[in-house]
$ cat final-v1.txt   # compact mmCIF, C-alpha atoms
# COMPACT_ATOMS: atom_id res chain seq x y z
CA MET A 1 -38.01 -0.15 -32.33
CA PRO A 2 -38.96 -3.68 -31.24
CA ILE A 3 -38.70 -4.26 -27.49
CA ARG A 4 -36.60 -7.38 -28.06
CA LEU A 5 -33.95 -5.40 -29.92
CA VAL A 6 -33.81 -2.78 -27.18
CA LYS A 7 -33.42 -5.50 -24.54
CA SER A 8 -30.60 -7.23 -26.37
CA ARG A 9 -28.78 -3.93 -26.89
CA THR A 10 -29.16 -3.02 -23.23
CA THR A 11 -27.81 -6.42 -22.25
CA ALA A 12 -24.87 -5.99 -24.61
CA LEU A 13 -24.18 -2.54 -23.19
CA LEU A 14 -24.29 -3.79 -19.61
CA ALA A 15 -22.05 -6.72 -20.52
CA ALA A 16 -19.51 -4.36 -22.10
CA VAL A 17 -19.53 -2.13 -19.01
CA GLY A 18 -19.22 -5.18 -16.75
CA CYS A 19 -16.25 -6.46 -18.73
CA TRP A 20 -14.58 -3.07 -18.59
CA LEU A 21 -15.04 -2.78 -14.84
CA ALA A 22 -13.82 -6.35 -14.32
CA VAL A 23 -10.69 -5.67 -16.36
CA ALA A 24 -10.11 -2.36 -14.55
CA GLY A 25 -10.60 -4.01 -11.16
CA ALA A 26 -8.35 -6.92 -11.98
CA ALA A 27 -5.41 -4.65 -12.79
CA GLY A 28 -2.77 -5.09 -10.16
CA ALA A 29 -4.39 -8.18 -8.66
CA ASP A 30 -1.25 -10.20 -9.43
CA GLY A 31 1.41 -10.56 -6.82
CA LEU A 32 3.42 -12.99 -4.78
CA LYS A 33 1.56 -15.40 -2.52
CA VAL A 34 2.47 -17.97 0.08
CA GLY A 35 3.74 -21.03 -1.77
CA ASP A 36 5.29 -19.02 -4.61
CA HIS A 37 9.00 -19.04 -5.22
CA PHE A 38 10.51 -15.68 -4.31
CA PRO A 39 12.19 -14.14 -7.39
CA ASP A 40 15.94 -13.82 -7.70
CA LEU A 41 16.88 -10.53 -6.05
CA THR A 42 19.87 -9.99 -8.29
CA ALA A 43 17.56 -9.58 -11.27
CA PHE A 44 16.08 -6.30 -10.00
CA LYS A 45 19.15 -4.03 -9.93
CA LEU A 46 18.66 -3.11 -6.30
CA GLU A 47 20.80 -0.30 -4.93
CA GLY A 48 23.03 -1.36 -2.07
CA LYS A 49 24.79 -4.57 -1.24
CA LEU A 50 22.90 -7.80 -0.90
CA PRO A 51 24.25 -10.26 1.69
CA ASP A 52 26.78 -12.64 0.15
CA ALA A 53 25.44 -15.97 1.29
CA LEU A 54 21.72 -16.31 0.69
CA LYS A 55 21.72 -19.97 -0.25
CA ASP A 56 20.12 -22.25 2.35
CA LYS A 57 19.19 -19.30 4.54
CA VAL A 58 15.80 -18.33 5.87
CA LEU A 59 15.01 -14.93 4.39
CA MET A 60 12.90 -12.14 5.73
CA LEU A 61 12.19 -9.52 3.10
CA ASP A 62 10.62 -6.37 4.40
CA PHE A 63 9.33 -3.61 2.12
CA TRP A 64 9.40 -0.21 3.76
CA ALA A 65 9.49 3.54 3.13
CA SER A 66 10.73 6.47 5.17
CA TRP A 67 7.30 8.15 5.19
CA CYS A 68 5.58 5.12 6.68
CA ASP A 69 5.18 5.27 10.47
CA PRO A 70 4.51 1.54 11.00
CA CYS A 71 7.71 0.83 9.05
CA LYS A 72 9.57 2.98 11.53
CA ALA A 73 7.95 1.08 14.39
CA SER A 74 9.02 -2.24 12.87
CA PHE A 75 12.73 -1.40 12.69
CA PRO A 76 13.60 -2.06 16.36
CA ALA A 77 11.77 -5.39 16.15
CA MET A 78 13.65 -6.38 13.01
CA GLU A 79 16.90 -5.36 14.65
CA GLU A 80 16.11 -7.63 17.57
CA LEU A 81 15.14 -10.51 15.28
CA HIS A 82 18.36 -10.02 13.33
CA ARG A 83 20.51 -10.17 16.45
CA ARG A 84 18.69 -13.17 17.84
CA TYR A 85 18.31 -15.34 14.73
CA GLN A 86 21.12 -14.34 12.40
CA PRO A 87 23.55 -16.85 13.97
CA LYS A 88 20.96 -19.57 13.41
CA GLY A 89 20.54 -18.83 9.70
CA LEU A 90 18.14 -15.90 9.29
CA VAL A 91 18.94 -13.13 6.84
CA ILE A 92 16.86 -9.96 6.97
CA ILE A 93 16.77 -7.75 3.89
CA ALA A 94 14.90 -4.49 4.21
CA VAL A 95 13.92 -3.23 0.78
CA ASN A 96 13.37 0.51 0.67
CA VAL A 97 10.92 1.87 -1.90
CA ASP A 98 11.42 5.62 -1.41
CA GLU A 99 11.45 7.71 -4.53
CA ASN A 100 14.36 9.76 -3.19
CA ARG A 101 17.47 8.12 -1.88
CA ALA A 102 18.06 11.06 0.49
CA ASP A 103 14.80 10.26 2.32
CA MET A 104 16.01 6.73 2.97
CA GLU A 105 19.40 7.92 4.14
CA ALA A 106 17.86 10.47 6.51
CA PHE A 107 15.64 7.73 7.95
CA LEU A 108 18.57 5.36 8.44
CA LYS A 109 20.55 8.03 10.26
CA LYS A 110 17.81 8.16 12.87
CA ASN A 111 16.97 4.45 12.79
CA ALA A 112 20.23 2.61 12.42
CA ALA A 113 20.03 -0.95 11.14
CA THR A 114 22.64 -3.70 11.27
CA PHE A 115 20.69 -5.92 8.88
CA ALA A 116 20.93 -5.50 5.10
CA VAL A 117 19.14 -2.53 3.58
CA VAL A 118 18.78 -2.17 -0.18
CA ARG A 119 16.78 0.24 -2.29
CA ASP A 120 14.38 -0.71 -5.03
CA ALA A 121 14.86 2.57 -6.90
CA ALA A 122 13.01 1.42 -10.01
CA GLN A 123 10.25 -0.11 -7.85
CA LYS A 124 10.30 -3.22 -10.04
CA LEU A 125 10.65 -5.74 -7.23
CA VAL A 126 7.90 -4.18 -5.14
CA GLU A 127 5.70 -4.06 -8.23
CA LYS A 128 6.36 -7.77 -8.71
CA THR A 129 5.35 -8.54 -5.11
CA GLY A 130 2.06 -6.65 -5.50
CA ILE A 131 1.91 -5.81 -1.80
CA ALA A 132 -1.20 -4.07 -0.54
CA THR A 133 0.16 -2.32 2.53
CA MET A 134 3.29 -0.65 3.80
CA PRO A 135 5.18 -2.26 5.39
CA SER A 136 4.81 -5.77 4.03
CA SER A 137 7.12 -8.67 4.56
CA PHE A 138 7.74 -12.18 3.32
CA LEU A 139 9.34 -15.05 5.15
CA VAL A 140 11.08 -17.37 2.73
CA ASP A 141 12.28 -20.84 3.63
CA ARG A 142 15.69 -22.32 2.88
CA GLY A 143 14.44 -23.57 -0.46
CA GLY A 144 13.33 -20.11 -1.63
CA THR A 145 9.60 -20.63 -1.17
CA ILE A 146 7.46 -17.99 0.51
CA ARG A 147 6.04 -19.56 3.66
CA PHE A 148 4.52 -16.55 5.41
CA ALA A 149 3.43 -13.09 4.26
CA HIS A 150 2.63 -10.13 6.46
CA SER A 151 0.70 -6.98 5.65
CA GLY A 152 1.31 -4.04 7.95
CA TYR A 153 2.99 -4.01 11.33
CA ARG A 154 0.95 -4.20 14.53
CA GLY A 155 3.60 -3.90 17.23
CA GLU A 156 4.16 -6.73 19.67
CA GLU A 157 1.55 -8.94 18.03
CA THR A 158 3.38 -8.96 14.70
CA LYS A 159 6.77 -9.31 16.38
CA LEU A 160 5.69 -12.44 18.26
CA GLN A 161 4.22 -13.83 15.07
CA TYR A 162 7.53 -13.24 13.29
CA GLN A 163 9.37 -15.05 16.07
CA ARG A 164 7.12 -18.11 15.90
CA GLU A 165 7.32 -18.29 12.13
CA ILE A 166 11.07 -17.71 11.94
CA GLU A 167 11.70 -20.40 14.55
CA SER A 168 9.53 -22.85 12.66
CA LEU A 169 11.43 -22.16 9.42
CA LEU A 170 14.84 -22.37 11.07
CA GLN A 171 14.04 -25.80 12.49
CA LYS A 172 13.35 -27.25 9.04
CA MET B 1 -33.84 11.98 -37.20
CA LYS B 2 -35.29 8.63 -36.43
CA ARG B 3 -35.87 7.64 -32.82
CA GLN B 4 -33.69 4.56 -33.26
CA THR B 5 -30.74 6.63 -34.43
CA VAL B 6 -31.10 9.01 -31.49
CA PHE B 7 -31.17 6.07 -29.10
CA ARG B 8 -28.09 4.53 -30.68
CA ALA B 9 -26.17 7.80 -30.59
CA GLY B 10 -27.15 8.31 -26.94
CA ALA B 11 -26.04 4.80 -25.98
CA VAL B 12 -22.70 5.16 -27.75
CA ALA B 13 -22.11 8.57 -26.14
CA ALA B 14 -23.00 7.20 -22.69
CA LEU B 15 -20.73 4.19 -23.12
CA GLY B 16 -17.91 6.36 -24.42
CA GLY B 17 -18.32 8.77 -21.53
CA LEU B 18 -18.28 5.93 -19.01
CA LEU B 19 -15.15 4.40 -20.54
CA LEU B 20 -13.38 7.75 -20.52
CA ALA B 21 -14.45 8.44 -16.94
CA THR B 22 -13.27 5.07 -15.64
CA ALA B 23 -10.08 5.11 -17.71
CA GLY B 24 -9.13 8.31 -15.90
CA CYS B 25 -9.14 6.53 -12.53
CA ALA B 26 -5.77 5.49 -11.24
CA ASN B 27 -4.87 3.29 -8.31
CA VAL B 28 -2.06 4.76 -6.28
CA LYS B 29 0.09 1.83 -5.29
CA PRO B 30 0.90 1.45 -1.59
CA TRP B 31 4.58 2.16 -2.23
CA GLN B 32 3.75 5.37 -4.12
CA ARG B 33 1.93 7.07 -1.28
CA GLY B 34 4.82 9.13 0.00
CA THR B 35 3.27 12.40 -1.13
CA LEU B 36 -0.15 11.47 0.20
CA ALA B 37 1.40 10.52 3.53
CA ASP B 38 3.13 13.90 3.84
CA SER B 39 1.92 15.99 6.75
CA ILE B 40 1.18 18.85 4.37
CA MET B 41 -1.72 16.77 3.01
CA ARG B 42 -3.45 16.80 6.39
CA ALA B 43 -6.29 19.24 6.89
CA ASP B 44 -5.59 19.35 10.63
CA ARG B 45 -1.82 19.77 10.50
CA ASP B 46 -2.06 23.12 12.30
CA PRO B 47 -4.22 22.48 15.38
CA ILE B 48 -3.95 26.05 16.67
CA GLY B 49 -5.00 27.47 13.32
CA VAL B 50 -7.94 25.08 13.12
CA ALA B 51 -9.01 25.98 16.68
CA MET B 52 -8.88 29.68 15.81
CA ASP B 53 -10.85 29.20 12.61
CA GLU B 54 -13.48 27.17 14.42
CA HIS B 55 -13.69 29.73 17.21
CA VAL B 56 -14.36 32.51 14.71
CA PHE B 57 -16.76 30.39 12.67
CA PHE B 58 -18.80 29.17 15.62
CA SER B 59 -18.93 32.63 17.20
CA ARG B 60 -20.26 34.15 13.99
CA GLU B 61 -22.69 31.34 13.37
CA GLY B 62 -23.82 31.06 16.98
CA ALA B 63 -23.22 27.35 16.57
CA SER B 64 -20.81 26.58 19.37
CA GLY B 65 -20.60 22.82 19.87
CA GLY B 66 -21.71 22.19 16.35
CA ARG B 67 -18.77 19.96 15.62
CA GLY B 68 -18.88 17.15 18.12
CA VAL B 69 -18.33 19.27 21.20
CA GLY B 70 -20.65 19.01 24.19
CA GLY B 71 -23.49 21.49 24.15
CA GLY B 72 -26.14 22.41 21.67
CA GLY B 73 -25.15 25.87 20.56
CA CYS B 74 -26.75 27.72 23.47
CA GLY B 75 -23.42 29.28 24.44
CA CYS B 76 -23.90 28.13 28.04
CA ASN B 77 -20.82 25.90 28.42
$ encode --input "final-v1.txt" --output "structure tokens"
Amino acid sequence: MPIRLVKSRTTALLAAVGCWLAVAGAAGADGLKVGDHFPDLTAFKLEGKLPDALKDKVLMLDFWASWCDPCKASFPAMEELHRRYQPKGLVIIAVNVDENRADMEAFLKKNAATFAVVRDAAQKLVEKTGIATMPSSFLVDRGGTIRFAHSGYRGEETKLQYQREIESLLQK
Amino acid sequence: MKRQTVFRAGAVAALGGLLLATAGCANVKPWQRGTLADSIMRADRDPIGVAMDEHVFFSREGASGGRGVGGGGCGCN
């Protein structure tokens, strides 16, 4: 077989493998980013009651699960943020992604929350966000645009960051 | 069989095998890791059991300290 033919076939083979790996690696790369408009929550058939007045509010959407320890650690901070900023126009919505509703309910018995908690039973909304870590949260301005996104929860550091960002959004 | 045919068959088989192997990979999404996060998935979920196993293993092997513990297996600590 001529060397040239072998070379071209090898190149074609490598190109095919490269394409395959690129396609496989790109799967799931989509997701919501800062600057995107946050999708309409009513379109995802979330279990639980969404707050009535979401228009012109600053939203904090937190994705959490009962099996996630940092999520548990973030609850007292979110409770504090809710109490402090709710009168000024912040609405916190904690979106649970547990596969079993009972797991969420058991968690909430131990970690009571006064902010809104809904469950994304079909995991469609969380799929849409494409988050990379649990918990993850989005801060959305009064116009519905994502202004800040957080991956994970690192205690006081994240809490202070939330405060700064929420205050900046509430002032606008 | 010609050498060219063998080469072609080998290349096709290798490519097919690679595609099948990579197609079998699945990314577990962060929100689907409840089972993986369960304590039952931890190898060290029973510290007393692990300590006992290691005690027996190291005694038999004469390799005390072989897993990050001070000492070099001389049995003198």
$ interface_residues --input "final-v1.txt" --of "chain B" --to "chain A" --cutoff "12 Å" --atoms "all atoms listed in the file" --output "PDB file with C-alpha atoms, keeping the file's coordinate frame"
ATOM      1  CA  LYS B   2     -35.290   8.630 -36.430  1.00  0.00           C
ATOM      2  CA  ARG B   3     -35.870   7.640 -32.820  1.00  0.00           C
ATOM      3  CA  GLN B   4     -33.690   4.560 -33.260  1.00  0.00           C
ATOM      4  CA  THR B   5     -30.740   6.630 -34.430  1.00  0.00           C
ATOM      5  CA  VAL B   6     -31.100   9.010 -31.490  1.00  0.00           C
ATOM      6  CA  PHE B   7     -31.170   6.070 -29.100  1.00  0.00           C
ATOM      7  CA  ARG B   8     -28.090   4.530 -30.680  1.00  0.00           C
ATOM      8  CA  GLY B  10     -27.150   8.310 -26.940  1.00  0.00           C
ATOM      9  CA  ALA B  11     -26.040   4.800 -25.980  1.00  0.00           C
ATOM     10  CA  VAL B  12     -22.700   5.160 -27.750  1.00  0.00           C
ATOM     11  CA  ALA B  13     -22.110   8.570 -26.140  1.00  0.00           C
ATOM     12  CA  ALA B  14     -23.000   7.200 -22.690  1.00  0.00           C
ATOM     13  CA  LEU B  15     -20.730   4.190 -23.120  1.00  0.00           C
ATOM     14  CA  GLY B  16     -17.910   6.360 -24.420  1.00  0.00           C
ATOM     15  CA  GLY B  17     -18.320   8.770 -21.530  1.00  0.00           C
ATOM     16  CA  LEU B  18     -18.280   5.930 -19.010  1.00  0.00           C
ATOM     17  CA  LEU B  19     -15.150   4.400 -20.540  1.00  0.00           C
ATOM     18  CA  LEU B  20     -13.380   7.750 -20.520  1.00  0.00           C
ATOM     19  CA  ALA B  21     -14.450   8.440 -16.940  1.00  0.00           C
ATOM     20  CA  THR B  22     -13.270   5.070 -15.640  1.00  0.00           C
ATOM     21  CA  ALA B  23     -10.080   5.110 -17.710  1.00  0.00           C
ATOM     22  CA  GLY B  24      -9.130   8.310 -15.900  1.00  0.00           C
ATOM     23  CA  CYS B  25      -9.140   6.530 -12.530  1.00  0.00           C
ATOM     24  CA  ALA B  26      -5.770   5.490 -11.240  1.00  0.00           C
ATOM     25  CA  ASN B  27      -4.870   3.290  -8.310  1.00  0.00           C
ATOM     26  CA  VAL B  28      -2.060   4.760  -6.280  1.00  0.00           C
ATOM     27  CA  LYS B  29       0.090   1.830  -5.290  1.00  0.00           C
ATOM     28  CA  PRO B  30       0.900   1.450  -1.590  1.00  0.00           C
ATOM     29  CA  TRP B  31       4.580   2.160  -2.230  1.00  0.00           C
ATOM     30  CA  GLN B  32       3.750   5.370  -4.120  1.00  0.00           C
ATOM     31  CA  ARG B  33       1.930   7.070  -1.280  1.00  0.00           C
ATOM     32  CA  GLY B  34       4.820   9.130   0.000  1.00  0.00           C
ATOM     33  CA  THR B  35       3.270  12.400  -1.130  1.00  0.00           C
ATOM     34  CA  LEU B  36      -0.150  11.470   0.200  1.00  0.00           C
ATOM     35  CA  ALA B  37       1.400  10.520   3.530  1.00  0.00           C
ATOM     36  CA  ASP B  38       3.130  13.900   3.840  1.00  0.00           C
ATOM     37  CA  SER B  39       1.920  15.990   6.750  1.00  0.00           C
TER      38      SER B  39
END
$ atom_distance --input "final-v1.txt" --atom1 "atom CA of A:Ala121" --atom2 "atom CA of A:Pro70"
20.7 Å
$ atom_distance --input "final-v1.txt" --atom1 "atom CA of A:Met78" --atom2 "atom CA of A:Phe115"
8.2 Å
$ atom_distance --input "final-v1.txt" --atom1 "atom CA of A:Arg147" --atom2 "atom CA of A:Met60"
10.3 Å
$ build_atoms --input "final-v1.txt" --residues "stretch 30-59 of chain B" --atoms "N, CA and C atoms" --output "compact mmCIF listing (two decimals), in the coordinates of the input"
# COMPACT_ATOMS: atom_id res chain seq x y z
N PRO B 30 0.51 1.18 -2.98
CA PRO B 30 0.90 1.45 -1.59
C PRO B 30 2.28 2.05 -1.45
N TRP B 31 3.20 1.66 -2.33
CA TRP B 31 4.58 2.16 -2.23
C TRP B 31 4.74 3.51 -2.90
N GLN B 32 3.66 4.06 -3.46
CA GLN B 32 3.75 5.37 -4.12
C GLN B 32 3.01 6.44 -3.32
N ARG B 33 2.75 6.14 -2.06
CA ARG B 33 1.93 7.07 -1.28
C ARG B 33 2.73 8.04 -0.41
N GLY B 34 3.98 8.23 -0.77
CA GLY B 34 4.82 9.13 0.00
C GLY B 34 4.26 10.54 0.05
N THR B 35 3.81 11.03 -1.08
CA THR B 35 3.27 12.40 -1.13
C THR B 35 1.96 12.48 -0.36
N LEU B 36 1.13 11.45 -0.51
CA LEU B 36 -0.15 11.47 0.20
C LEU B 36 0.05 11.38 1.71
N ALA B 37 1.15 10.70 2.11
CA ALA B 37 1.40 10.52 3.53
C ALA B 37 2.07 11.74 4.16
N ASP B 38 2.45 12.71 3.32
CA ASP B 38 3.13 13.90 3.84
C ASP B 38 2.19 14.68 4.74
N SER B 39 2.76 15.26 5.77
CA SER B 39 1.92 15.99 6.75
C SER B 39 1.22 17.18 6.11
N ILE B 40 1.80 17.68 5.01
CA ILE B 40 1.18 18.85 4.37
C ILE B 40 -0.18 18.50 3.76
N MET B 41 -0.44 17.21 3.57
CA MET B 41 -1.72 16.77 3.01
C MET B 41 -2.82 16.70 4.07
N ARG B 42 -2.46 16.92 5.32
CA ARG B 42 -3.45 16.80 6.39
C ARG B 42 -4.19 18.12 6.59
N ALA B 43 -5.49 18.03 6.69
CA ALA B 43 -6.29 19.24 6.89
C ALA B 43 -6.10 19.79 8.31
N ASP B 44 -5.71 18.92 9.24
CA ASP B 44 -5.59 19.35 10.63
C ASP B 44 -4.13 19.44 11.08
N ARG B 45 -3.24 19.76 10.14
CA ARG B 45 -1.82 19.77 10.50
C ARG B 45 -1.44 20.95 11.39
N ASP B 46 -2.33 21.96 11.44
CA ASP B 46 -2.06 23.12 12.30
C ASP B 46 -3.21 23.24 13.30
N PRO B 47 -3.10 22.54 14.43
CA PRO B 47 -4.22 22.48 15.38
C PRO B 47 -4.62 23.85 15.92
N ILE B 48 -3.63 24.72 16.12
CA ILE B 48 -3.95 26.05 16.67
C ILE B 48 -4.73 26.86 15.64
N GLY B 49 -4.29 26.77 14.40
CA GLY B 49 -5.00 27.47 13.32
C GLY B 49 -6.42 26.98 13.17
N VAL B 50 -6.60 25.66 13.24
CA VAL B 50 -7.94 25.08 13.12
C VAL B 50 -8.82 25.55 14.28
N ALA B 51 -8.24 25.56 15.49
CA ALA B 51 -9.01 25.98 16.68
C ALA B 51 -9.45 27.44 16.53
N MET B 52 -8.56 28.26 15.99
CA MET B 52 -8.88 29.68 15.81
C MET B 52 -9.99 29.84 14.77
N ASP B 53 -9.84 29.13 13.67
CA ASP B 53 -10.85 29.20 12.61
C ASP B 53 -12.22 28.77 13.14
N GLU B 54 -12.21 27.68 13.91
CA GLU B 54 -13.48 27.17 14.42
C GLU B 54 -14.08 28.14 15.43
N HIS B 55 -13.21 28.77 16.22
CA HIS B 55 -13.69 29.73 17.21
C HIS B 55 -14.41 30.89 16.50
N VAL B 56 -13.77 31.40 15.46
CA VAL B 56 -14.36 32.51 14.71
C VAL B 56 -15.66 32.06 14.04
N PHE B 57 -15.60 30.90 13.40
CA PHE B 57 -16.76 30.39 12.67
C PHE B 57 -17.95 30.18 13.60
N PHE B 58 -17.69 29.50 14.73
CA PHE B 58 -18.80 29.17 15.62
C PHE B 58 -19.34 30.42 16.32
N SER B 59 -18.47 31.39 16.58
CA SER B 59 -18.93 32.63 17.20
C SER B 59 -19.86 33.38 16.26
